[in-house]
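A.B. asks: Just passing along the structure, written as structure tokens.
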Amino acid sequence: MLGGAINEIKMYDKILSSSEISDIYNNGDALSAADSGVTSGLITEWRLNNGVTESNNKYDSTNNGGTFS
């Protein structure tokens, strides 16, 4: 069981460098891939702010009773 929250899921086709990870999670605030400038190798991302739609509309997403806050 997950004892926390999940937000800002990103899928890449490569291993991110430590500087790329720092760019995405700048100052503790998760940024979108576009806002952070880390788009090389990006497959898709789920922001999970108000829904389960992913950025490239490649995958079907279902909210099975989860809540967004």
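Residues are named by chain letter and number: chains run A, B, ... in the order of the structure tokens, numbers start at 1 in each chain, and ligands are numbered from 1 in the order shown.
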Which residues are near segment 3-12 of chain A? Cut-off 6 Å, only C-alpha atoms, ignore same chain within fewer than 4 positions. Put them as a list in words.

C.D. replies: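 Neighbouring residues, sequence-local ones excluded: Gly41, Leu42, Ile43, Thr44, Glu45, Trp46, Arg47 and Leu48 of chain A.
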
A.B. asks: Would you compute the distance between atom CA of Ile15 of chain A and atom CA of Asp35 of chain A? Give it in Å to one decimal.

C.D. replies: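 Distance between the two atoms: 19.2 Å.
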
A.B. asks: Considering only C-alpha atoms, return as a list of chain:residue names whatever protein or nucleic-acid residues lie within 12 Å of Tyr25 of chain A, sequence-local ones (same chain, fewer than 4 positions apart) excluded.

C.D. replies: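 Final neighbour list, sorted by chain and number: A:Asn7, A:Glu8, A:Ile9, A:Lys10, A:Ser18, A:Ser19, A:Glu20, A:Ile21, A:Asp29, A:Ala30, A:Leu31, A:Ser32, A:Ala33, A:Asp35, A:Ser36, A:Gly37, A:Val38.
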